[in-house]
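Have a look at coords_17.cif; it's mmCIF, C-alpha atoms (C1' of nucleotides):
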```
data_model
#
loop_
_atom_site.label_atom_id
_atom_site.label_comp_id
_atom_site.auth_asym_id
_atom_site.auth_seq_id
_atom_site.Cartn_x
_atom_site.Cartn_y
_atom_site.Cartn_z
CA MET K 1 64.33 3.31 -200.77
CA ALA K 2 60.72 4.21 -201.10
CA THR K 3 59.62 1.16 -199.13
CA THR K 4 61.46 2.17 -195.98
CA THR K 5 60.43 5.80 -196.13
CA ALA K 6 57.48 5.22 -193.85
CA ALA K 7 59.59 3.38 -191.29
CA GLN K 8 62.35 5.97 -191.41
CA ARG K 9 59.88 8.80 -191.14
CA ARG K 10 58.26 7.07 -188.21
CA ALA K 11 61.55 6.48 -186.45
CA ARG K 12 62.74 10.02 -187.00
CA ALA K 13 59.40 11.49 -186.02
CA LYS K 14 59.53 9.55 -182.80
CA THR K 15 62.98 10.88 -181.96
CA GLU K 16 61.86 14.39 -182.69
CA TYR K 17 58.75 13.96 -180.61
CA ASP K 18 60.75 12.45 -177.78
CA ALA K 19 63.05 15.45 -177.85
CA PHE K 20 60.06 17.71 -177.90
CA LEU K 21 58.49 15.87 -175.03
CA ALA K 22 61.73 15.82 -173.09
CA ALA K 23 61.56 19.59 -173.25
CA CYS K 24 58.05 19.40 -171.89
CA PRO K 25 58.60 18.68 -168.19
CA SER K 26 55.08 17.47 -167.52
CA ARG K 27 55.46 14.32 -169.60
CA GLN K 28 58.14 12.55 -167.56
CA LEU K 29 56.60 13.30 -164.22
CA LEU K 30 53.12 12.61 -165.51
CA ASP K 31 54.14 9.08 -166.49
CA ARG K 32 55.56 8.52 -163.03
CA ILE K 33 52.68 10.08 -161.17
CA SER K 34 50.13 8.31 -163.33
CA ASP K 35 50.75 5.03 -161.57
CA LYS K 36 48.02 3.47 -159.49
CA TRP K 37 50.31 2.63 -156.60
CA VAL K 38 51.84 6.09 -156.58
CA ALA K 39 48.39 7.64 -156.33
CA LEU K 40 47.33 5.25 -153.58
CA ILE K 41 50.52 5.73 -151.57
CA LEU K 42 50.19 9.49 -151.77
CA CYS K 43 46.59 9.28 -150.64
CA ALA K 44 47.45 6.96 -147.78
CA LEU K 45 50.36 9.03 -146.51
CA GLY K 46 48.43 12.24 -146.93
CA SER K 47 45.18 11.31 -145.29
CA GLY K 48 46.30 8.62 -142.92
CA GLY K 49 44.78 5.53 -144.44
CA PRO K 50 41.35 4.01 -145.03
CA GLY K 51 39.79 4.86 -141.70
CA ALA K 52 40.81 8.49 -141.49
CA GLY K 53 38.59 10.03 -144.12
CA ASP K 54 39.94 12.82 -146.23
CA SER K 55 41.17 15.04 -143.44
CA ASP K 56 44.76 15.90 -144.07
CA GLY K 57 47.74 15.83 -141.82
CA PRO K 58 51.28 14.67 -142.54
CA ARG K 59 51.09 11.09 -141.38
CA ALA K 60 54.16 8.96 -141.06
CA MET K 61 53.38 5.35 -141.84
CA ARG K 62 55.33 2.17 -141.46
CA TYR K 63 55.93 -0.27 -144.26
CA SER K 64 53.50 -2.80 -142.85
CA GLN K 65 50.88 -0.11 -142.31
CA LEU K 66 51.10 0.94 -145.93
CA SER K 67 50.99 -2.68 -147.00
CA ARG K 68 47.74 -3.10 -145.12
CA ALA K 69 46.23 0.22 -146.19
CA LEU K 70 46.84 -0.36 -149.88
CA ALA K 71 45.04 -3.67 -150.07
CA GLY K 72 46.29 -5.66 -153.00
CA VAL K 73 49.74 -4.20 -153.39
CA SER K 74 52.60 -6.67 -153.64
CA GLN K 75 55.59 -6.16 -151.37
CA LYS K 76 57.82 -5.83 -154.37
CA MET K 77 55.82 -3.03 -155.94
CA LEU K 78 55.40 -1.27 -152.61
CA THR K 79 59.13 -1.21 -151.99
CA GLN K 80 59.86 -0.30 -155.59
CA THR K 81 57.34 2.53 -155.68
CA LEU K 82 58.39 3.88 -152.29
CA ARG K 83 62.04 3.91 -153.40
CA SER K 84 61.26 5.83 -156.58
CA LEU K 85 59.16 8.32 -154.65
CA GLU K 86 61.99 8.72 -152.17
CA ARG K 87 64.40 9.21 -155.05
CA ASP K 88 62.20 11.96 -156.42
CA GLY K 89 62.06 13.68 -153.04
CA LEU K 90 58.35 13.15 -152.52
CA LEU K 91 58.76 11.24 -149.30
CA THR K 92 61.38 10.42 -146.69
CA ARG K 93 62.42 6.97 -145.56
CA THR K 94 63.47 6.77 -141.93
CA VAL K 95 65.01 3.65 -140.46
CA THR K 96 64.70 3.38 -136.70
CA PRO K 97 67.01 0.72 -135.24
CA THR K 98 64.49 -0.56 -132.73
CA VAL K 99 64.22 -4.20 -131.75
CA PRO K 100 62.65 -5.27 -135.00
CA VAL K 101 63.87 -2.71 -137.52
CA THR K 102 61.21 -0.06 -138.03
CA VAL K 103 60.96 1.92 -141.23
CA THR K 104 58.67 4.91 -141.50
CA TYR K 105 57.70 6.82 -144.59
CA GLU K 106 56.50 10.41 -144.55
CA LEU K 107 55.57 12.87 -147.24
CA THR K 108 57.89 15.79 -147.77
CA GLU K 109 56.54 19.24 -148.50
CA LEU K 110 56.87 18.45 -152.17
CA GLY K 111 54.99 15.20 -151.79
CA LEU K 112 52.34 16.92 -149.73
CA SER K 113 51.75 19.47 -152.47
CA LEU K 114 51.29 16.68 -154.99
CA HIS K 115 48.99 14.95 -152.56
CA GLN K 116 46.61 17.89 -152.83
CA MET K 117 46.33 17.22 -156.56
CA VAL K 118 46.02 13.46 -156.28
CA ARG K 119 43.45 13.79 -153.54
CA GLY K 120 41.36 15.77 -155.98
CA VAL K 121 41.50 12.92 -158.46
CA LYS K 122 40.67 10.36 -155.78
CA ALA K 123 37.77 12.50 -154.60
CA TRP K 124 36.58 12.77 -158.20
CA ALA K 125 36.72 9.01 -158.61
CA GLU K 126 34.65 8.46 -155.48
CA ALA K 127 32.22 11.26 -156.32
CA HIS K 128 31.54 10.27 -159.93
CA MET K 129 31.56 6.51 -159.51
CA ASP K 130 27.81 6.38 -159.92
CA ASP K 131 27.94 8.31 -163.20
CA VAL K 132 30.56 5.98 -164.60
CA LEU K 133 28.75 2.84 -163.52
CA ALA K 134 25.48 4.20 -164.92
CA HIS K 135 27.11 4.92 -168.25
CA ARG K 136 28.69 1.50 -168.38
CA ALA K 137 25.29 -0.07 -167.85
CA THR K 138 23.82 2.09 -170.62
CA VAL K 139 26.50 1.02 -173.04
CA GLU K 140 26.01 -2.62 -172.14
CA VAL K 141 22.27 -2.45 -172.74
CA ALA K 142 22.74 -0.60 -176.01
CA GLY K 143 25.35 -3.10 -177.12
CA SER K 144 23.21 -6.13 -176.39
CA SER K 145 20.24 -4.94 -178.43
CA MET F 1 32.57 5.51 -126.33
CA ALA F 2 35.24 7.40 -128.10
CA THR F 3 34.50 5.31 -131.18
CA THR F 4 31.28 7.22 -131.79
CA THR F 5 33.09 9.52 -134.16
CA ALA F 6 34.47 6.57 -136.04
CA ALA F 7 31.01 5.04 -136.19
CA GLN F 8 29.55 8.23 -137.62
CA ARG F 9 32.25 8.35 -140.23
CA ARG F 10 31.67 4.71 -140.99
CA ALA F 11 27.96 5.33 -141.45
CA ARG F 12 28.70 8.09 -143.91
CA ALA F 13 31.29 5.94 -145.63
CA LYS F 14 28.56 3.38 -146.26
CA THR F 15 26.84 5.70 -148.69
CA GLU F 16 30.08 6.78 -150.27
CA TYR F 17 32.96 5.01 -151.93
CA ASP F 18 36.39 4.37 -150.52
CA ALA F 19 39.14 3.99 -153.05
CA PHE F 20 41.42 2.27 -150.56
CA LEU F 21 39.32 -0.86 -150.52
CA ALA F 22 40.37 -3.23 -153.26
CA ALA F 23 36.81 -4.42 -153.75
CA CYS F 24 35.36 -0.93 -154.10
CA PRO F 25 34.53 0.09 -157.67
CA SER F 26 36.02 3.52 -157.09
CA ARG F 27 39.33 1.78 -156.53
CA GLN F 28 39.08 0.26 -159.97
CA LEU F 29 38.13 3.64 -161.36
CA LEU F 30 41.16 5.21 -159.70
CA ASP F 31 43.33 2.47 -161.16
CA ARG F 32 41.90 3.24 -164.58
CA ILE F 33 42.42 6.98 -164.24
CA SER F 34 45.93 6.45 -162.93
CA ASP F 35 47.10 5.36 -166.34
CA LYS F 36 49.59 7.44 -168.21
CA TRP F 37 47.69 7.25 -171.48
CA VAL F 38 44.43 8.18 -169.82
CA ALA F 39 46.05 11.24 -168.30
CA LEU F 40 47.66 12.18 -171.59
CA ILE F 41 44.47 11.73 -173.58
CA LEU F 42 42.54 13.85 -171.14
CA CYS F 43 45.19 16.55 -171.32
CA ALA F 44 45.20 16.46 -175.11
CA LEU F 45 41.45 16.56 -175.48
CA GLY F 46 41.12 19.20 -172.81
CA SER F 47 43.79 21.61 -173.91
CA GLY F 48 44.05 20.84 -177.60
CA GLY F 49 47.42 19.07 -177.72
CA PRO F 50 51.07 19.94 -177.11
CA GLY F 51 51.11 23.15 -179.08
CA ALA F 52 48.01 24.73 -177.63
CA GLY F 53 49.18 25.57 -174.13
CA ASP F 54 46.84 25.17 -171.21
CA SER F 55 43.94 27.18 -172.48
CA ASP F 56 40.84 25.10 -172.16
CA GLY F 57 37.99 24.52 -174.52
CA PRO F 58 36.25 21.35 -175.63
CA ARG F 59 38.52 20.22 -178.44
CA ALA F 60 37.25 17.46 -180.62
CA MET F 61 40.20 15.53 -181.96
CA ARG F 62 40.51 12.89 -184.61
CA TYR F 63 42.18 9.56 -184.04
CA SER F 64 45.22 10.51 -186.09
CA GLN F 65 45.48 13.85 -184.31
CA LEU F 66 45.56 12.12 -180.95
CA SER F 67 48.06 9.62 -182.26
CA ARG F 68 50.35 12.47 -183.26
CA ALA F 69 49.78 14.52 -180.13
CA LEU F 70 50.57 11.60 -177.80
CA ALA F 71 53.81 10.67 -179.49
CA GLY F 72 54.91 7.26 -178.33
CA VAL F 73 51.47 5.75 -177.88
CA SER F 74 50.84 2.55 -179.79
CA GLN F 75 47.72 2.39 -181.92
CA LYS F 76 46.52 -0.55 -179.91
CA MET F 77 46.74 1.27 -176.60
CA LEU F 78 45.22 4.42 -178.06
CA THR F 79 42.18 2.55 -179.35
CA GLN F 80 41.94 0.48 -176.21
CA THR F 81 42.17 3.47 -173.89
CA LEU F 82 39.74 5.54 -175.93
CA ARG F 83 37.23 2.69 -175.90
CA SER F 84 37.42 2.30 -172.15
CA LEU F 85 37.03 6.03 -171.66
CA GLU F 86 34.04 6.02 -173.98
CA ARG F 87 32.62 3.08 -172.06
CA ASP F 88 32.95 5.05 -168.84
CA GLY F 89 31.22 8.05 -170.37
CA LEU F 90 34.23 10.33 -170.23
CA LEU F 91 34.31 10.99 -173.93
CA THR F 92 32.19 10.53 -177.03
CA ARG F 93 33.21 8.75 -180.20
CA THR F 94 31.68 10.16 -183.35
CA VAL F 95 32.00 8.42 -186.69
CA THR F 96 31.50 10.69 -189.68
CA PRO F 97 30.99 8.73 -192.90
CA THR F 98 33.06 11.05 -195.05
CA VAL F 99 35.14 9.79 -197.94
CA PRO F 100 37.82 8.41 -195.68
CA VAL F 101 35.99 7.51 -192.49
CA THR F 102 36.55 10.22 -189.91
CA VAL F 103 36.30 9.53 -186.19
CA THR F 104 36.33 12.34 -183.68
CA TYR F 105 36.66 12.10 -179.93
CA GLU F 106 35.39 14.75 -177.56
CA LEU F 107 35.25 15.01 -173.80
CA THR F 108 31.84 14.81 -172.17
CA GLU F 109 30.94 17.00 -169.23
CA LEU F 110 32.05 14.18 -166.97
CA GLY F 111 35.36 13.86 -168.77
CA LEU F 112 35.80 17.60 -168.68
CA SER F 113 35.36 17.63 -164.91
CA LEU F 114 38.04 14.97 -164.57
CA HIS F 115 40.23 16.94 -166.91
CA GLN F 116 40.22 19.77 -164.39
CA MET F 117 41.74 17.39 -161.84
CA VAL F 118 44.27 15.92 -164.23
CA ARG F 119 45.25 19.36 -165.42
CA GLY F 120 46.05 20.19 -161.81
CA VAL F 121 48.41 17.24 -161.68
CA LYS F 122 49.94 18.26 -165.00
CA ALA F 123 50.41 21.80 -163.73
CA TRP F 124 52.07 20.42 -160.59
CA ALA F 125 54.43 18.34 -162.68
CA GLU F 126 55.42 21.39 -164.71
CA ALA F 127 55.91 23.51 -161.61
CA HIS F 128 57.95 21.02 -159.58
CA MET F 129 60.00 19.30 -162.26
CA ASP F 130 63.10 21.16 -161.17
CA ASP F 131 62.69 20.12 -157.55
CA VAL F 132 62.40 16.48 -158.52
CA LEU F 133 65.42 16.58 -160.82
CA ALA F 134 67.44 18.40 -158.17
CA HIS F 135 66.57 15.78 -155.56
CA ARG F 136 67.44 12.95 -157.92
CA ALA F 137 70.86 14.50 -158.47
CA THR F 138 71.36 14.83 -154.71
CA VAL F 139 70.53 11.18 -154.14
CA GLU F 140 72.86 10.10 -156.90
CA VAL F 141 75.76 12.09 -155.46
CA ALA F 142 75.07 10.84 -151.95
CA GLY F 143 74.85 7.26 -153.18
CA SER F 144 78.14 7.37 -155.04
CA SER F 145 80.16 8.70 -152.11
"C1'" DC U 1 41.62 -2.92 -214.95
"C1'" DC U 2 44.82 -2.99 -210.94
"C1'" DT U 3 47.20 -0.85 -207.50
"C1'" DC U 4 48.18 2.76 -204.32
"C1'" DG U 5 46.91 5.42 -200.43
"C1'" DC U 6 44.07 7.33 -196.94
"C1'" DT U 7 41.45 6.51 -192.72
"C1'" DA U 8 40.85 4.05 -188.30
"C1'" DC U 9 41.41 0.32 -186.52
"C1'" DT U 10 42.63 -5.10 -185.57
"C1'" DT U 11 45.74 -8.91 -185.02
"C1'" DC U 12 49.92 -11.27 -184.07
"C1'" DC U 13 54.27 -11.82 -181.70
"C1'" DC U 14 57.32 -11.03 -178.13
"C1'" DA U 15 59.81 -8.54 -174.41
"C1'" DG U 16 59.19 -6.75 -170.03
"C1'" DC U 17 56.58 -5.60 -166.04
"C1'" DG U 18 54.04 -6.78 -162.10
"C1'" DG U 19 51.99 -10.44 -158.79
"C1'" DG U 20 52.72 -14.53 -155.59
"C1'" DA U 21 55.44 -16.64 -152.75
"C1'" DA U 22 59.56 -18.16 -150.82
"C1'" DG U 23 64.10 -16.70 -149.06
"C1'" DT U 24 67.16 -13.22 -146.17
"C1'" DA U 25 69.06 -10.68 -142.03
"C1'" DG U 26 69.39 -9.86 -137.32
"C1'" DG U 27 67.48 -9.78 -133.23
"C1'" DT U 28 64.35 -11.42 -129.28
"C1'" DA U 29 61.16 -14.55 -126.93
"C1'" DC U 30 60.30 -19.27 -125.63
"C1'" DG T 1 67.72 -24.48 -130.76
"C1'" DT T 2 63.59 -23.06 -132.92
"C1'" DA T 3 60.10 -20.03 -133.90
"C1'" DC T 4 58.97 -15.32 -135.17
"C1'" DC T 5 59.16 -10.47 -135.95
"C1'" DT T 6 59.95 -6.63 -139.60
"C1'" DA T 7 61.26 -5.02 -143.95
"C1'" DC T 8 62.74 -6.24 -147.63
"C1'" DT T 9 64.89 -9.26 -151.90
"C1'" DT T 10 64.73 -12.82 -155.29
"C1'" DC T 11 62.75 -16.10 -158.38
"C1'" DC T 12 59.20 -17.69 -161.50
"C1'" DC T 13 55.55 -16.93 -164.45
"C1'" DG T 14 51.38 -14.96 -166.56
"C1'" DC T 15 49.50 -10.89 -168.35
"C1'" DT T 16 50.06 -6.32 -170.36
"C1'" DG T 17 51.69 -3.25 -173.50
"C1'" DG T 18 54.74 -2.08 -177.70
"C1'" DG T 19 55.97 -2.82 -182.79
"C1'" DA T 20 54.53 -3.77 -186.90
"C1'" DA T 21 51.90 -5.87 -190.32
"C1'" DG T 22 47.15 -6.80 -191.91
"C1'" DT T 23 42.04 -5.14 -192.83
"C1'" DA T 24 38.04 -2.58 -195.04
"C1'" DG T 25 35.94 0.72 -198.06
"C1'" DC T 26 36.57 4.09 -201.43
"C1'" DG T 27 38.86 7.74 -204.53
"C1'" DA T 28 42.75 8.76 -207.48
"C1'" DG T 29 46.22 7.58 -210.81
"C1'" DG T 30 48.80 4.69 -214.33
#
```
Once more with this new file: its structure as structure tokens, please.
Amino acid sequence: MATTTAAQRRARAKTEYDAFLAACPSRQLLDRISDKWVALILCALGSGGPGAGDSDGPRAMRYSQLSRALAGVSQKMLTQTLRSLERDGLLTRTVTPTVPVTVTYELTELGLSLHQMVRGVKAWAEAHMDDVLAHRATVEVAGSS
Amino acid sequence: MATTTAAQRRARAKTEYDAFLAACPSRQLLDRISDKWVALILCALGSGGPGAGDSDGPRAMRYSQLSRALAGVSQKMLTQTLRSLERDGLLTRTVTPTVPVTVTYELTELGLSLHQMVRGVKAWAEAHMDDVLAHRATVEVAGSS
DNA sequence: CCTCGCTACTTCCCAGCGGGAAGTAGGTAC
DNA sequence: GTACCTACTTCCCGCTGGGAAGTAGCGAGG
């Protein structure tokens, strides 16, 4: 059928590309890492939250601390993201059977090494914010004329 | 007061951006960067696609080239993401009125600087893929017992 | 002539993901 | 007994992103 050739080609090309990309390790992890909450959690656990600047140090944080540090995160997404990061060995989840159950999260060595990368991105975002905002304004003015 | 140090940091933080604050524009920028398609597009434009290794060089790529390089991206998301990146001044969109209209995308200096960061993350993903997979397997085994 | 095809989108529809908020467990303080 | 604490879990629903078809302008072919 000549009419379904395009669809078939597309479907087969996708499978081939998926296989190709499955062989490329960066793709799977990149999709996981490229999540806003993942980046924020790594930054928080690596630098100790909003008030601690960018100085590093392996900080253990409690669930409620993280919830406060990452303003805007829903409890569901926080739990979900933390679990997937734990599953991938980027952080450890420690339950302390104190009076109210206390759960602390801490970056592993692996997570800490990724934190170095993510911190670079976060630093870039904060450093080049002005450039981006300036360019947005330029585009807006140009578009309105 | 021991809080003097904190006050000094706070004063400096006034002039800078803090991505942890939900209201801060740099937070929105980080959210935008932390998108899988953004990361992939930056990688493709910075290194010339899947087959070109990690050697850098400002590669201008056409829409269809990008679409092929980022297998799995929908046309809608590709256009949408490219437009937002153009809006933020990370890449330039050039329309060449050839016989079939040709559109090329190229990283700006700003986009190139971000690419350096993203490439670091990509390199990390490639380097530590095995660790992550190994840990996932460990968790699975531990969970099933 | 009409139609196909090529480019780079744009539009429509729908599933699925993420946010908001309420519910859960197990203890302690009042 | 009731309220409350932490760290979730569950439900509902709106928005986002994917799939695929439609669009525009022009050259080639029947």
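Comparing the minimum interatomic distances between chain F and each of T:DG14, T:DT9, T:DG19, T:DG1, counting only C-alpha atoms (C1' of nucleotides), we find that T:DG19 sits nearest.
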Given the file shown, determine the residues that the PyMOL selection byres ((chain K) within 12 of (chain U)) selects; report them as a PDB file with C-alpha atoms, in the frame of the given file.
```pdb
ATOM      1  CA  TRP K  37      50.310   2.630-156.600  1.00  0.00           C
ATOM      2  CA  GLY K  72      46.290  -5.660-153.000  1.00  0.00           C
ATOM      3  CA  VAL K  73      49.740  -4.200-153.390  1.00  0.00           C
ATOM      4  CA  SER K  74      52.600  -6.670-153.640  1.00  0.00           C
ATOM      5  CA  GLN K  75      55.590  -6.160-151.370  1.00  0.00           C
ATOM      6  CA  LYS K  76      57.820  -5.830-154.370  1.00  0.00           C
ATOM      7  CA  MET K  77      55.820  -3.030-155.940  1.00  0.00           C
ATOM      8  CA  LEU K  78      55.400  -1.270-152.610  1.00  0.00           C
ATOM      9  CA  GLN K  80      59.860  -0.300-155.590  1.00  0.00           C
ATOM     10  CA  THR K  81      57.340   2.530-155.680  1.00  0.00           C
ATOM     11  CA  PRO K  97      67.010   0.720-135.240  1.00  0.00           C
ATOM     12  CA  THR K  98      64.490  -0.560-132.730  1.00  0.00           C
ATOM     13  CA  VAL K  99      64.220  -4.200-131.750  1.00  0.00           C
ATOM     14  CA  PRO K 100      62.650  -5.270-135.000  1.00  0.00           C
ATOM     15  CA  VAL K 101      63.870  -2.710-137.520  1.00  0.00           C
TER      16      VAL K 101
END
```
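When the PyMOL selection byres ((chain K) within 6 of (chain F)) is evaluated on the file shown here, the picked residues come out as Pro25, Ser26, Leu29, Asp31, Ser34, Asp35, Lys36, Pro50, Ala71, Arg87, Asp88, Gly89, Met117, Val121, Ala125, Glu126, Met129, Val132, His135 and Arg136 of chain K.
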Selected by the PyMOL selection byres ((chain K and resi 94) around 9) in the shown coordinates: which residues, as a PyMOL selection string? chain K and resi 92-93+95-96+102-106
Got a sec to pull out which chain T residues are within 9 Å of chain K, counting all atoms listed in the file, and send them as number ranges by chain? T: 5-9
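Across the model, the gap from CA of Leu42 in chain F to CA of Leu66 in chain F is 10.4 Å.
Between CA of Gly46 in chain F and C1' of DG18 in chain T lies a distance of 25.7 Å.
As for CA of Leu91 in chain F and CA of Thr108 in chain F, they are spaced 4.9 Å apart.
With distances restricted to only C-alpha atoms, K:Leu112 is the closest residue to Cys43 in chain K from K:Leu112, K:Val141, K:Leu82, K:Gln65.
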Coordinates of range 83-99 of chain K, N, CA, C and O atoms, as a PDB file, in the first residue's frame:
```pdb
ATOM      1  N   ARG K  83      11.694   9.091  45.456  1.00  0.00           N
ATOM      2  CA  ARG K  83      11.731   7.641  45.315  1.00  0.00           C
ATOM      3  C   ARG K  83      12.513   7.215  44.073  1.00  0.00           C
ATOM      4  O   ARG K  83      13.281   6.260  44.101  1.00  0.00           O
ATOM      5  N   SER K  84      12.296   7.941  42.978  1.00  0.00           N
ATOM      6  CA  SER K  84      12.994   7.570  41.747  1.00  0.00           C
ATOM      7  C   SER K  84      14.489   7.863  41.867  1.00  0.00           C
ATOM      8  O   SER K  84      15.321   7.115  41.348  1.00  0.00           O
ATOM      9  N   LEU K  85      14.813   8.928  42.579  1.00  0.00           N
ATOM     10  CA  LEU K  85      16.232   9.240  42.780  1.00  0.00           C
ATOM     11  C   LEU K  85      16.877   8.210  43.700  1.00  0.00           C
ATOM     12  O   LEU K  85      18.044   7.846  43.518  1.00  0.00           O
ATOM     13  N   GLU K  86      16.087   7.739  44.675  1.00  0.00           N
ATOM     14  CA  GLU K  86      16.602   6.708  45.569  1.00  0.00           C
ATOM     15  C   GLU K  86      16.817   5.413  44.786  1.00  0.00           C
ATOM     16  O   GLU K  86      17.832   4.733  44.932  1.00  0.00           O
ATOM     17  N   ARG K  87      15.852   5.121  43.917  1.00  0.00           N
ATOM     18  CA  ARG K  87      15.923   3.932  43.085  1.00  0.00           C
ATOM     19  C   ARG K  87      17.163   3.940  42.197  1.00  0.00           C
ATOM     20  O   ARG K  87      17.768   2.896  41.942  1.00  0.00           O
ATOM     21  N   ASP K  88      17.529   5.129  41.756  1.00  0.00           N
ATOM     22  CA  ASP K  88      18.686   5.251  40.869  1.00  0.00           C
ATOM     23  C   ASP K  88      19.998   5.397  41.648  1.00  0.00           C
ATOM     24  O   ASP K  88      21.057   5.590  41.055  1.00  0.00           O
ATOM     25  N   GLY K  89      19.895   5.336  42.971  1.00  0.00           N
ATOM     26  CA  GLY K  89      21.110   5.379  43.776  1.00  0.00           C
ATOM     27  C   GLY K  89      21.729   6.752  43.896  1.00  0.00           C
ATOM     28  O   GLY K  89      22.911   6.874  44.209  1.00  0.00           O
ATOM     29  N   LEU K  90      20.937   7.797  43.674  1.00  0.00           N
ATOM     30  CA  LEU K  90      21.481   9.147  43.768  1.00  0.00           C
ATOM     31  C   LEU K  90      21.364   9.703  45.183  1.00  0.00           C
ATOM     32  O   LEU K  90      22.100  10.613  45.556  1.00  0.00           O
ATOM     33  N   LEU K  91      20.416   9.155  45.932  1.00  0.00           N
ATOM     34  CA  LEU K  91      20.299   9.581  47.325  1.00  0.00           C
ATOM     35  C   LEU K  91      19.817   8.420  48.188  1.00  0.00           C
ATOM     36  O   LEU K  91      19.304   7.420  47.680  1.00  0.00           O
ATOM     37  N   THR K  92      19.992   8.585  49.494  1.00  0.00           N
ATOM     38  CA  THR K  92      19.575   7.544  50.436  1.00  0.00           C
ATOM     39  C   THR K  92      18.405   8.054  51.264  1.00  0.00           C
ATOM     40  O   THR K  92      18.332   9.237  51.598  1.00  0.00           O
ATOM     41  N   ARG K  93      17.501   7.150  51.563  1.00  0.00           N
ATOM     42  CA  ARG K  93      16.336   7.480  52.371  1.00  0.00           C
ATOM     43  C   ARG K  93      16.483   6.758  53.705  1.00  0.00           C
ATOM     44  O   ARG K  93      16.584   5.527  53.738  1.00  0.00           O
ATOM     45  N   THR K  94      16.527   7.522  54.775  1.00  0.00           N
ATOM     46  CA  THR K  94      16.748   6.942  56.090  1.00  0.00           C
ATOM     47  C   THR K  94      15.556   7.235  56.987  1.00  0.00           C
ATOM     48  O   THR K  94      15.226   8.396  57.224  1.00  0.00           O
ATOM     49  N   VAL K  95      14.933   6.186  57.468  1.00  0.00           N
ATOM     50  CA  VAL K  95      13.800   6.349  58.372  1.00  0.00           C
ATOM     51  C   VAL K  95      14.272   6.183  59.802  1.00  0.00           C
ATOM     52  O   VAL K  95      14.826   5.152  60.164  1.00  0.00           O
ATOM     53  N   THR K  96      14.077   7.211  60.611  1.00  0.00           N
ATOM     54  CA  THR K  96      14.448   7.156  62.015  1.00  0.00           C
ATOM     55  C   THR K  96      13.174   7.045  62.841  1.00  0.00           C
ATOM     56  O   THR K  96      12.330   7.941  62.809  1.00  0.00           O
ATOM     57  N   PRO K  97      13.025   5.947  63.577  1.00  0.00           N
ATOM     58  CA  PRO K  97      11.773   5.723  64.322  1.00  0.00           C
ATOM     59  C   PRO K  97      11.692   6.554  65.591  1.00  0.00           C
ATOM     60  O   PRO K  97      11.562   6.033  66.676  1.00  0.00           O
ATOM     61  N   THR K  98      11.794   7.849  65.437  1.00  0.00           N
ATOM     62  CA  THR K  98      11.632   8.742  66.580  1.00  0.00           C
ATOM     63  C   THR K  98      10.140   8.896  66.891  1.00  0.00           C
ATOM     64  O   THR K  98       9.318   8.220  66.283  1.00  0.00           O
ATOM     65  N   VAL K  99       9.827   9.799  67.760  1.00  0.00           N
ATOM     66  CA  VAL K  99       8.442   9.968  68.193  1.00  0.00           C
ATOM     67  C   VAL K  99       7.492  10.231  67.018  1.00  0.00           C
ATOM     68  O   VAL K  99       6.668   9.383  66.726  1.00  0.00           O
TER      69      VAL K  99
END
```
